[in-house]
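Enquirer: Below is structure-v7.csv; it holds CSV, C-alpha atoms.
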```csv
chain,number,residue,atom,x,y,z
A,21,MET,CA,-4.4,-7.1,-11.8
A,22,THR,CA,-3.1,-9.1,-14.7
A,23,SER,CA,-5.2,-8.9,-17.9
A,24,ILE,CA,-5.1,-9.3,-21.7
A,25,GLY,CA,-7.6,-7.5,-23.8
A,26,GLY,CA,-9.7,-6.8,-20.6
A,27,ALA,CA,-9.8,-10.5,-19.6
A,28,GLU,CA,-8.2,-10.9,-16.2
A,29,MET,CA,-6.2,-14.0,-15.4
A,30,VAL,CA,-7.8,-14.1,-11.9
A,31,ASP,CA,-10.8,-11.9,-10.9
A,32,TRP,CA,-9.7,-11.4,-7.3
A,33,ASN,CA,-12.8,-9.5,-6.4
A,34,LEU,CA,-15.0,-12.3,-7.6
A,35,ALA,CA,-12.7,-14.8,-5.7
A,36,VAL,CA,-13.4,-12.9,-2.5
A,37,ALA,CA,-17.2,-12.7,-3.2
A,38,THR,CA,-17.3,-16.4,-4.0
A,39,ALA,CA,-15.3,-17.5,-1.0
A,40,THR,CA,-17.3,-15.3,1.5
A,41,ARG,CA,-20.6,-16.6,0.0
A,42,LEU,CA,-19.6,-20.3,0.2
A,43,VAL,CA,-17.6,-20.4,3.4
A,44,ARG,CA,-19.4,-22.4,6.1
A,45,PRO,CA,-20.9,-20.5,9.0
A,46,GLY,CA,-18.9,-20.5,12.2
A,47,PRO,CA,-20.0,-22.1,15.4
A,48,ASP,CA,-23.1,-20.9,17.1
A,49,VAL,CA,-22.2,-18.2,19.7
A,50,SER,CA,-24.1,-15.3,21.1
A,51,ARG,CA,-22.9,-11.8,20.6
A,52,ASP,CA,-21.7,-11.5,24.2
A,53,GLU,CA,-19.8,-14.8,23.8
A,54,ALA,CA,-18.2,-13.6,20.6
A,55,ARG,CA,-17.0,-10.4,22.2
A,56,ALA,CA,-15.6,-12.4,25.1
A,57,VAL,CA,-13.7,-14.7,22.8
A,58,VAL,CA,-12.2,-11.8,20.9
A,59,ALA,CA,-11.1,-10.0,24.1
A,60,GLU,CA,-9.6,-13.1,25.5
A,61,LEU,CA,-7.6,-13.9,22.3
A,62,ARG,CA,-6.2,-10.3,22.3
A,63,ARG,CA,-5.2,-10.8,26.0
A,64,HIS,CA,-3.5,-14.1,25.2
A,65,ALA,CA,-1.7,-12.7,22.2
A,66,LYS,CA,-0.3,-10.0,24.4
A,67,ALA,CA,0.7,-12.4,27.2
A,68,SER,CA,2.3,-14.7,24.6
A,69,GLU,CA,4.9,-12.1,23.7
A,70,GLU,CA,6.6,-12.4,27.1
A,71,HIS,CA,6.2,-16.2,27.3
A,72,VAL,CA,7.7,-16.7,23.8
A,73,ARG,CA,10.5,-14.2,24.2
A,74,GLY,CA,11.5,-15.6,27.6
A,75,PHE,CA,11.6,-19.2,26.3
A,76,THR,CA,13.3,-18.7,23.0
A,77,ARG,CA,15.7,-15.9,24.1
A,78,MET,CA,15.6,-14.7,20.5
A,79,ILE,CA,15.2,-11.0,21.5
A,80,PRO,CA,18.0,-9.7,23.8
A,81,GLU,CA,16.8,-7.9,27.0
A,82,GLY,CA,16.3,-4.2,26.4
A,83,HIS,CA,15.7,-4.6,22.7
A,84,GLU,CA,12.2,-4.0,21.4
A,85,PRO,CA,11.5,-5.5,18.0
A,86,GLN,CA,9.5,-3.9,15.3
A,87,ASP,CA,5.8,-4.1,16.3
A,88,THR,CA,3.2,-5.7,14.1
A,89,PRO,CA,-0.6,-5.6,14.7
A,90,VAL,CA,-2.6,-8.5,16.1
A,91,LEU,CA,-6.0,-8.9,14.3
A,92,VAL,CA,-8.8,-11.1,15.5
A,93,VAL,CA,-10.8,-11.9,12.4
A,94,ASP,CA,-13.8,-14.0,11.2
A,95,ARG,CA,-13.6,-16.3,8.2
A,96,ALA,CA,-14.5,-13.5,5.7
A,97,GLY,CA,-11.7,-11.4,7.2
A,98,TRP,CA,-9.2,-14.2,6.7
A,99,ILE,CA,-10.3,-14.5,3.1
A,100,ARG,CA,-9.8,-10.8,2.3
A,101,ALA,CA,-6.4,-10.7,4.0
A,102,ASN,CA,-5.1,-13.7,2.1
A,103,VAL,CA,-6.4,-12.6,-1.3
A,104,ALA,CA,-4.5,-9.4,-0.8
A,105,GLY,CA,-1.4,-11.3,0.0
A,106,PHE,CA,-1.8,-13.7,-2.9
A,107,ARG,CA,-2.1,-10.8,-5.3
A,108,GLU,CA,1.2,-9.4,-4.2
A,109,VAL,CA,3.1,-12.7,-4.1
A,110,LEU,CA,1.7,-14.2,-7.3
A,111,ARG,CA,2.0,-11.1,-9.4
A,112,PRO,CA,5.3,-12.2,-11.2
A,113,LEU,CA,3.8,-15.6,-12.0
A,114,LEU,CA,0.6,-14.1,-13.3
A,115,ASP,CA,2.6,-11.7,-15.4
A,116,LYS,CA,4.5,-14.6,-16.9
A,117,MET,CA,1.4,-16.5,-17.6
A,118,GLN,CA,-0.1,-13.5,-19.2
A,119,GLU,CA,2.8,-13.3,-21.7
A,120,ARG,CA,2.4,-17.0,-22.6
A,121,ARG,CA,-1.4,-17.0,-22.8
A,122,GLY,CA,-1.5,-15.2,-26.2
A,123,SER,CA,1.0,-17.3,-28.0
A,124,ALA,CA,0.8,-20.8,-26.4
A,125,PRO,CA,-1.3,-23.6,-27.8
A,126,GLY,CA,-4.8,-23.3,-26.2
A,127,GLY,CA,-4.3,-19.6,-25.5
A,128,ALA,CA,-7.5,-18.7,-27.2
A,129,VAL,CA,-9.3,-21.2,-25.1
A,130,LEU,CA,-7.7,-19.8,-21.9
A,131,GLY,CA,-8.8,-16.4,-22.9
A,132,ALA,CA,-12.3,-17.6,-23.3
A,133,VAL,CA,-12.3,-19.2,-19.9
A,134,GLY,CA,-11.3,-15.9,-18.5
A,135,GLY,CA,-10.6,-14.6,-15.1
A,136,LYS,CA,-14.1,-14.9,-13.8
A,137,VAL,CA,-14.2,-18.6,-14.0
A,138,THR,CA,-10.8,-18.8,-12.4
A,139,GLY,CA,-11.9,-16.3,-9.7
A,140,VAL,CA,-14.8,-18.6,-8.8
A,141,GLU,CA,-12.5,-21.6,-8.6
A,142,VAL,CA,-9.9,-19.7,-6.4
A,143,GLY,CA,-12.8,-18.5,-4.3
A,144,MET,CA,-14.0,-22.1,-3.8
A,145,LEU,CA,-10.6,-23.2,-2.6
A,146,LEU,CA,-10.3,-20.2,-0.2
A,147,SER,CA,-13.7,-21.1,1.2
A,148,PHE,CA,-12.4,-24.5,2.0
A,149,LEU,CA,-9.2,-23.2,3.7
A,150,ALA,CA,-11.0,-20.4,5.6
A,151,SER,CA,-12.8,-22.8,7.9
A,152,ARG,CA,-9.6,-24.6,8.8
A,153,VAL,CA,-6.9,-22.0,9.6
A,154,LEU,CA,-6.6,-21.1,13.3
A,155,GLY,CA,-4.2,-18.3,12.9
A,156,GLN,CA,-1.2,-17.2,10.8
A,157,TYR,CA,1.5,-14.6,10.6
A,158,GLU,CA,1.2,-12.8,7.3
A,159,THR,CA,4.7,-12.0,6.3
A,160,PHE,CA,4.0,-10.1,3.0
A,161,ALA,CA,0.7,-8.5,3.9
A,162,PRO,CA,-0.1,-5.2,2.1
A,163,PRO,CA,-1.8,-2.8,4.6
A,164,SER,CA,-5.3,-1.6,4.2
A,165,ARG,CA,-7.7,0.5,6.3
A,166,GLU,CA,-9.6,-2.6,7.3
A,167,LEU,CA,-6.5,-4.8,7.7
A,168,PRO,CA,-3.5,-2.8,8.9
A,169,ALA,CA,0.0,-4.2,8.8
A,170,GLY,CA,3.3,-3.2,10.4
A,171,THR,CA,5.8,-1.0,8.7
A,172,GLY,CA,7.7,-4.1,7.7
A,173,GLY,CA,4.6,-5.6,6.1
A,174,GLY,CA,3.6,-8.2,8.8
A,175,ARG,CA,0.5,-8.8,10.8
A,176,LEU,CA,-0.8,-11.6,13.0
A,177,LEU,CA,-4.2,-13.0,12.3
A,178,LEU,CA,-6.3,-15.1,14.8
A,179,VAL,CA,-9.4,-16.6,13.2
A,180,ALA,CA,-11.8,-16.6,16.2
A,181,PRO,CA,-14.7,-18.9,14.8
A,182,ASN,CA,-12.2,-21.6,13.8
A,183,ILE,CA,-10.5,-21.6,17.2
A,184,VAL,CA,-13.9,-21.9,19.0
A,185,HIS,CA,-14.9,-24.7,16.6
A,186,VAL,CA,-11.8,-26.8,17.2
A,187,GLU,CA,-11.8,-26.3,21.0
A,188,ARG,CA,-15.4,-27.6,21.0
A,189,GLU,CA,-14.6,-30.4,18.7
A,190,LEU,CA,-11.7,-31.6,20.8
A,191,GLU,CA,-13.6,-31.0,24.0
A,192,VAL,CA,-10.6,-29.3,25.7
A,193,ASP,CA,-10.4,-26.4,28.1
A,194,PRO,CA,-11.2,-23.3,25.9
A,195,HIS,CA,-9.1,-20.9,27.8
A,196,ASP,CA,-6.0,-23.2,27.7
A,197,PHE,CA,-6.6,-23.9,24.0
A,198,ARG,CA,-6.8,-20.2,23.0
A,199,LEU,CA,-3.5,-19.4,24.8
A,200,TRP,CA,-1.9,-22.5,23.2
A,201,VAL,CA,-2.8,-21.3,19.7
A,202,CYS,CA,-1.6,-17.8,20.5
A,203,LEU,CA,1.8,-19.2,21.6
A,204,HIS,CA,2.2,-20.9,18.2
A,205,GLU,CA,1.3,-17.8,16.2
A,206,GLU,CA,3.3,-15.5,18.5
A,207,THR,CA,6.4,-17.6,17.8
A,208,HIS,CA,6.0,-16.9,14.1
A,209,ARG,CA,5.7,-13.2,14.8
A,210,THR,CA,8.8,-13.4,17.0
A,211,GLN,CA,10.7,-15.2,14.3
A,212,PHE,CA,10.2,-12.5,11.7
A,213,THR,CA,10.5,-9.5,14.1
A,214,ALA,CA,13.6,-10.7,15.8
A,215,VAL,CA,15.4,-11.8,12.6
A,216,PRO,CA,15.5,-8.7,10.4
A,217,TRP,CA,16.8,-10.5,7.3
A,218,LEU,CA,14.3,-13.4,7.3
A,219,ARG,CA,11.5,-11.7,5.6
A,220,ASP,CA,13.6,-10.5,2.7
A,221,HIS,CA,15.3,-13.9,2.4
A,222,MET,CA,11.9,-15.7,2.2
A,223,GLU,CA,10.6,-13.1,-0.3
A,224,GLY,CA,13.7,-13.5,-2.5
A,225,GLU,CA,13.4,-17.3,-2.5
A,226,ILE,CA,9.6,-17.2,-3.4
A,227,GLN,CA,10.1,-14.7,-6.2
A,228,SER,CA,13.0,-16.8,-7.6
A,229,PHE,CA,10.8,-19.8,-7.5
A,230,LEU,CA,8.0,-18.0,-9.3
A,231,GLY,CA,10.4,-16.4,-11.8
A,232,GLU,CA,11.7,-19.9,-12.8
A,233,THR,CA,8.2,-21.1,-13.5
A,234,GLU,CA,7.9,-22.6,-17.0
A,235,VAL,CA,4.3,-23.9,-17.0
A,236,ASP,CA,1.4,-24.1,-19.4
A,237,PRO,CA,-1.3,-21.8,-18.0
A,238,MET,CA,-3.9,-24.4,-19.0
A,239,THR,CA,-2.2,-26.9,-16.6
A,240,VAL,CA,-2.6,-24.6,-13.7
A,241,LEU,CA,-6.2,-23.9,-14.5
A,242,GLU,CA,-6.9,-27.6,-14.9
A,243,ARG,CA,-5.4,-28.2,-11.4
A,244,LEU,CA,-7.5,-25.4,-9.9
A,245,ARG,CA,-10.6,-26.9,-11.7
A,246,GLU,CA,-9.9,-30.4,-10.2
A,247,ALA,CA,-9.7,-28.9,-6.7
A,248,ALA,CA,-12.9,-26.8,-7.2
A,249,GLN,CA,-14.8,-29.8,-8.6
A,250,SER,CA,-13.8,-31.9,-5.6
A,251,LEU,CA,-15.4,-29.3,-3.4
A,252,ALA,CA,-18.5,-29.1,-5.5
A,253,GLY,CA,-18.8,-32.9,-5.8
A,254,GLY,CA,-17.9,-32.9,-9.5
A,255,ARG,CA,-15.4,-35.7,-9.2
A,256,PRO,CA,-15.2,-38.7,-6.9
A,257,GLU,CA,-13.5,-38.1,-3.5
A,258,GLY,CA,-9.9,-39.0,-3.5
A,259,GLU,CA,-9.7,-39.6,-7.2
A,260,ALA,CA,-6.3,-38.9,-8.6
A,261,GLY,CA,-5.6,-37.5,-12.0
A,262,GLU,CA,-3.3,-39.1,-14.6
A,263,ASP,CA,-0.3,-37.6,-12.9
A,264,GLY,CA,-1.0,-39.3,-9.6
A,265,GLY,CA,-2.7,-36.3,-8.0
A,266,ARG,CA,0.3,-34.0,-7.8
A,267,SER,CA,-0.1,-30.8,-5.9
A,268,LEU,CA,-0.3,-27.3,-7.3
A,269,VAL,CA,3.3,-26.7,-6.2
A,270,GLU,CA,4.6,-29.9,-7.7
A,271,ILE,CA,3.3,-29.3,-11.2
A,272,VAL,CA,5.3,-26.1,-11.7
A,273,GLN,CA,8.7,-27.4,-10.8
A,274,THR,CA,11.7,-27.0,-13.1
A,275,PRO,CA,15.2,-28.3,-12.1
A,276,ALA,CA,16.0,-24.8,-10.7
A,277,GLN,CA,12.7,-24.7,-8.9
A,278,ARG,CA,13.4,-28.0,-7.2
A,279,GLU,CA,16.5,-26.6,-5.7
A,280,ILE,CA,14.7,-23.4,-4.5
A,281,LEU,CA,11.8,-25.5,-3.2
A,282,GLY,CA,14.2,-27.7,-1.2
A,283,ARG,CA,15.5,-24.6,0.5
A,284,LEU,CA,12.0,-23.2,1.1
A,285,THR,CA,10.8,-26.5,2.5
A,286,ALA,CA,13.7,-26.6,4.9
A,287,VAL,CA,13.0,-23.1,6.1
A,288,MET,CA,9.3,-23.7,6.5
A,289,SER,CA,10.0,-26.9,8.4
A,290,LEU,CA,12.2,-24.9,10.7
A,291,LEU,CA,9.7,-22.2,11.3
A,292,GLU,CA,6.7,-24.5,11.8
A,293,GLY,CA,8.6,-27.0,13.9
A,294,HIS,CA,10.1,-24.2,16.1
A,295,ALA,CA,6.6,-22.9,16.7
A,296,ASP,CA,5.4,-26.3,17.8
A,297,PHE,CA,8.4,-26.8,20.0
A,298,VAL,CA,7.9,-23.4,21.7
A,299,MET,CA,4.1,-23.8,22.2
A,300,ASP,CA,4.7,-27.2,24.0
A,301,GLY,CA,7.8,-25.9,25.8
A,302,VAL,CA,6.1,-22.9,27.3
A,303,GLY,CA,2.9,-24.9,27.7
A,304,PRO,CA,3.4,-26.7,31.1
A,305,GLU,CA,4.1,-23.4,32.8
A,306,VAL,CA,1.0,-21.5,31.6
A,307,VAL,CA,-1.3,-24.1,29.9
A,308,PRO,CA,-2.2,-26.7,32.5
A,309,SER,CA,-3.9,-29.1,30.0
A,310,VAL,CA,-1.2,-28.8,27.3
A,311,ALA,CA,-0.5,-32.6,27.2
A,312,GLU,CA,-4.2,-33.3,26.5
A,313,ILE,CA,-4.5,-30.6,24.0
A,314,ARG,CA,-1.4,-31.7,22.1
A,315,GLU,CA,-2.5,-35.4,22.0
A,316,LYS,CA,-6.0,-34.6,20.7
A,317,PHE,CA,-4.8,-32.0,18.2
A,318,GLN,CA,-2.2,-34.3,16.7
A,319,GLN,CA,-4.9,-36.9,16.2
A,320,ARG,CA,-7.1,-34.3,14.5
A,321,ARG,CA,-4.2,-33.3,12.2
A,322,ALA,CA,-3.5,-36.9,11.2
A,323,ARG,CA,-7.0,-38.0,10.4
A,324,GLY,CA,-8.3,-34.9,8.6
A,325,ALA,CA,-12.0,-34.7,8.0
A,326,GLY,CA,-12.5,-37.6,5.6
A,327,ARG,CA,-11.6,-38.6,2.1
A,328,LEU,CA,-12.5,-35.3,0.5
A,329,ASP,CA,-10.3,-33.4,3.0
A,330,LEU,CA,-7.4,-35.7,2.4
A,331,ALA,CA,-7.7,-35.4,-1.4
A,332,LEU,CA,-7.7,-31.6,-1.2
A,333,ARG,CA,-4.9,-31.6,1.3
A,334,LYS,CA,-2.8,-33.5,-1.2
A,335,LEU,CA,-3.9,-31.3,-4.2
A,336,LEU,CA,-3.1,-28.1,-2.3
A,337,GLY,CA,0.1,-29.3,-0.8
A,338,LEU,CA,-1.2,-29.2,2.7
A,339,ASP,CA,0.0,-32.7,3.4
A,340,ALA,CA,3.5,-31.4,3.0
A,341,LYS,CA,2.8,-28.7,5.6
A,342,LEU,CA,1.8,-31.4,8.1
A,343,ARG,CA,5.2,-33.1,7.5
A,344,GLN,CA,6.9,-29.8,8.1
A,345,TYR,CA,5.4,-29.6,11.6
A,346,ARG,CA,6.6,-33.1,12.4
A,347,ASP,CA,10.0,-33.0,10.9
A,348,GLY,CA,10.8,-29.5,11.9
A,349,GLU,CA,9.8,-30.1,15.6
A,350,ARG,CA,12.1,-33.2,15.6
A,351,PHE,CA,15.0,-31.1,14.3
A,352,VAL,CA,14.5,-28.3,16.8
A,353,ARG,CA,14.2,-30.7,19.7
A,354,ALA,CA,17.3,-32.6,18.7
A,355,VAL,CA,19.4,-29.5,18.3
A,356,VAL,CA,18.3,-28.0,21.6
A,357,GLU,CA,19.0,-31.2,23.4
A,358,GLU,CA,22.5,-31.3,21.9
A,359,VAL,CA,23.6,-27.6,22.1
A,360,GLY,CA,21.0,-25.8,24.2
A,361,MET,CA,18.6,-23.0,23.3
A,362,ASP,CA,21.4,-20.4,22.7
A,363,GLY,CA,23.2,-23.0,20.5
A,364,PHE,CA,20.1,-23.6,18.5
A,365,ASN,CA,19.6,-19.8,18.0
A,366,ARG,CA,22.7,-19.7,15.8
A,367,VAL,CA,20.3,-20.9,13.2
A,368,TRP,CA,19.1,-17.2,13.0
A,369,THR,CA,22.5,-15.8,12.3
A,370,SER,CA,22.3,-15.6,8.5
A,371,PRO,CA,20.8,-17.5,5.5
A,372,ASN,CA,24.0,-19.6,5.6
A,373,THR,CA,23.2,-21.0,9.0
A,374,LEU,CA,19.7,-22.1,8.1
A,375,PRO,CA,19.4,-25.9,7.9
A,376,THR,CA,19.2,-27.6,4.5
A,377,LYS,CA,16.5,-30.1,3.7
A,378,ALA,CA,18.9,-32.9,4.4
A,379,GLU,CA,19.9,-31.4,7.7
A,380,ILE,CA,16.3,-31.2,8.8
A,381,ALA,CA,16.2,-35.0,8.6
A,382,LYS,CA,19.7,-35.3,10.2
A,383,PRO,CA,20.1,-32.5,12.9
A,384,ALA,CA,23.5,-33.8,13.9
A,385,ASP,CA,24.8,-32.7,10.4
A,386,TRP,CA,23.6,-29.2,11.1
A,387,VAL,CA,25.3,-29.1,14.5
A,388,ALA,CA,28.5,-30.4,12.9
A,389,ARG,CA,28.4,-27.8,10.2
A,390,VAL,CA,27.5,-24.8,12.2
A,391,HIS,CA,29.0,-25.6,15.6
A,392,ARG,CA,31.9,-27.9,15.2
A,393,ARG,CA,33.5,-26.0,12.3
A,394,ALA,CA,32.9,-22.7,14.1
A,395,GLU,CA,34.8,-24.0,17.1
A,396,SER,CA,37.7,-25.5,15.1
```
If you took the structure in this file and wrote it as structure tokens, what would it be?

Expert:
Amino acid sequence: MTSIGGAEMVDWNLAVATATRLVRPGPDVSRDEARAVVAELRRHAKASEEHVRGFTRMIPEGHEPQDTPVLVVDRAGWIRANVAGFREVLRPLLDKMQERRGSAPGGAVLGAVGGKVTGVEVGMLLSFLASRVLGQYETFAPPSRELPAGTGGGRLLLVAPNIVHVERELEVDPHDFRLWVCLHEETHRTQFTAVPWLRDHMEGEIQSFLGETEVDPMTVLERLREAAQSLAGGRPEGEAGEDGGRSLVEIVQTPAQREILGRLTAVMSLLEGHADFVMDGVGPEVVPSVAEIREKFQQRRARGAGRLDLALRKLLGLDAKLRQYRDGERFVRAVVEEVGMDGFNRVWTSPNTLPTKAEIAKPADWVARVHRRAES
């Protein structure tokens, strides 16, 4: 925990308490229904392993990758897991902000604001996100008794109430939808368990990004406050600030960070697009209604839940994540069509074979760099 004179930058315990108190209740299900959903998600997660590995051919036959746990959680469980991850990943940034807080203009004000206010604001944002995430592979998850992780630090989370909520909202076959979601998340697990260097590469890039941060702590707090006030109705929906409503990521960019962020954006586009490509590629064989699910889900992604949702997506950088799904899937599809699945899998050879941000937009350039030159 980062603190100065006993005043924490972020009171993470309060963030968890705030988020779990404010998060919306899940859909109305009986205890027996809830148990059935959890059991089915666990079965689908296990079945997805074989489907994803067979389709992607990322794991050679006879090789068993490092296992990571699959956890079916509620919204409060997702909040606790992500706070633990945030504390680990953001520690270098908070340490840097701590050093600047005492000497920078406004440092006394920041100290007065204290970590409890910031903890409430972070909790409000987590409560917003906790009702929207269907699942995630936590790459840097610290293990705990309640939320175990693999020896490499990963775990797969499936948020049962959110899955049930969306399948009802879309009016799709619930059994097909649950398997479809599991295929996406299992692809992420396969990416990190089949490619041993990927986790360390991502962690190195993230820590380099945070290490380059030269930001006024008050600016970060103000951006958090704007997001929290949007949730609380303290500012008009969709209202942009003087900087045009930049996201939390965008306000901390130095020239060096822009280079790192470009590489991270390319990798995230690859990972998300690959997961979408796999879930739809496997789908017709095991998910009969995959075409209907994809069409309705894409429409839901595009429209959001209204002006407030769109404003917060921009502020938190979630609109960039939606572009990553779209652009990354186009990249993967184009490369597979050009050089086949085994040819595409050269992307996992080393950090040098990952696509650049420009290559995500122009897959032929990646093929030329990785394949044509290797063959010449």

Enquirer: Can you tell me how far CA of Arg320 (chain A) sits from CA of Asn182 (chain A), in Å to one decimal?

Expert: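 According to the coordinates, CA of Arg320 (chain A) and CA of Asn182 (chain A) are separated by 13.7 Å.
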
Enquirer: Measuring between all atoms listed in the file, which one of A:Glu225, A:Leu291, A:Thr138, A:Gln318 shows the shortest distance to Ala276 (chain A)?

Expert: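 That would be A:Glu225, the residue with the smallest distance to Ala276 (chain A).
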
Enquirer: Can you list, as a list of chain:residue names, every protein, DNA or RNA residue that comes within 7 Å of Ala214 (chain A) when you count all atoms listed in the file, leaving out same-chain residues fewer than 3 positions away?

Expert: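 In the requested format, the answer is A:Met78, A:Ile79, A:Pro85, A:Thr210, A:Gln211.
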
Enquirer: Those selected residues, please, written with C-alpha atoms and delivered as a CSV table (one decimal), in the frame of the given file.

Expert:
```csv
chain,number,residue,atom,x,y,z
A,78,MET,CA,15.6,-14.7,20.5
A,79,ILE,CA,15.2,-11.0,21.5
A,85,PRO,CA,11.5,-5.5,18.0
A,210,THR,CA,8.8,-13.4,17.0
A,211,GLN,CA,10.7,-15.2,14.3
```

Enquirer: Set the distance at 6 Å and use only C-alpha atoms: which residues neighbour Ala161 (chain A) once local chain neighbours fewer than 2 positions away are removed? I'd like the list as a list in words.

Expert: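 Close residues of Ala161 (chain A): Gly105, Glu158, Thr159, Gly173 and Gly174 of chain A.
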
Enquirer: Find the residues near region 301-313 of chain A: any atom within 10 Å, counting all atoms listed in the file, skip ones fewer than 3 places away on the same chain, and give them as a list in words.

Expert: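 Using all atoms listed in the file, the neighbours found are Ser68, His71, Val72, Gly74, Phe75, Thr76, Glu187, Leu190, Glu191, Val192, Asp193, His195, Asp196, Phe197, Arg198, Leu199, Trp200, Leu203, Ala295, Asp296, Phe297, Val298, Lys316, Phe317 and Gln318 of chain A.
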
Enquirer: Between A:Glu349, A:Asp94, A:Glu357, A:Glu206, which residue has the minimum interatomic distance to Leu290 (chain A), considering all atoms listed in the file?

Expert: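 Of the candidates, the smallest distance to Leu290 (chain A) is held by A:Glu349.
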
Enquirer: Which one is closest to Val201 (chain A): A:Arg346, A:Arg392, A:Arg51, A:His64? Count all atoms listed in the file.

Expert: A:His64

Enquirer: Restricting the calculation to only C-alpha atoms: of A:Val49, A:Leu167, A:Leu146, A:Leu374, which residue gets closest to Met222 (chain A)?

Expert: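 Between A:Val49, A:Leu167, A:Leu146, A:Leu374, the residue approaching Met222 (chain A) most closely is A:Leu374.
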
Enquirer: As an exercise, work out the distance from CA of Asp87 (chain A) to CA of Val103 (chain A) in Å and give it to one decimal place.

Expert: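 These two atoms are separated by 23.0 Å.
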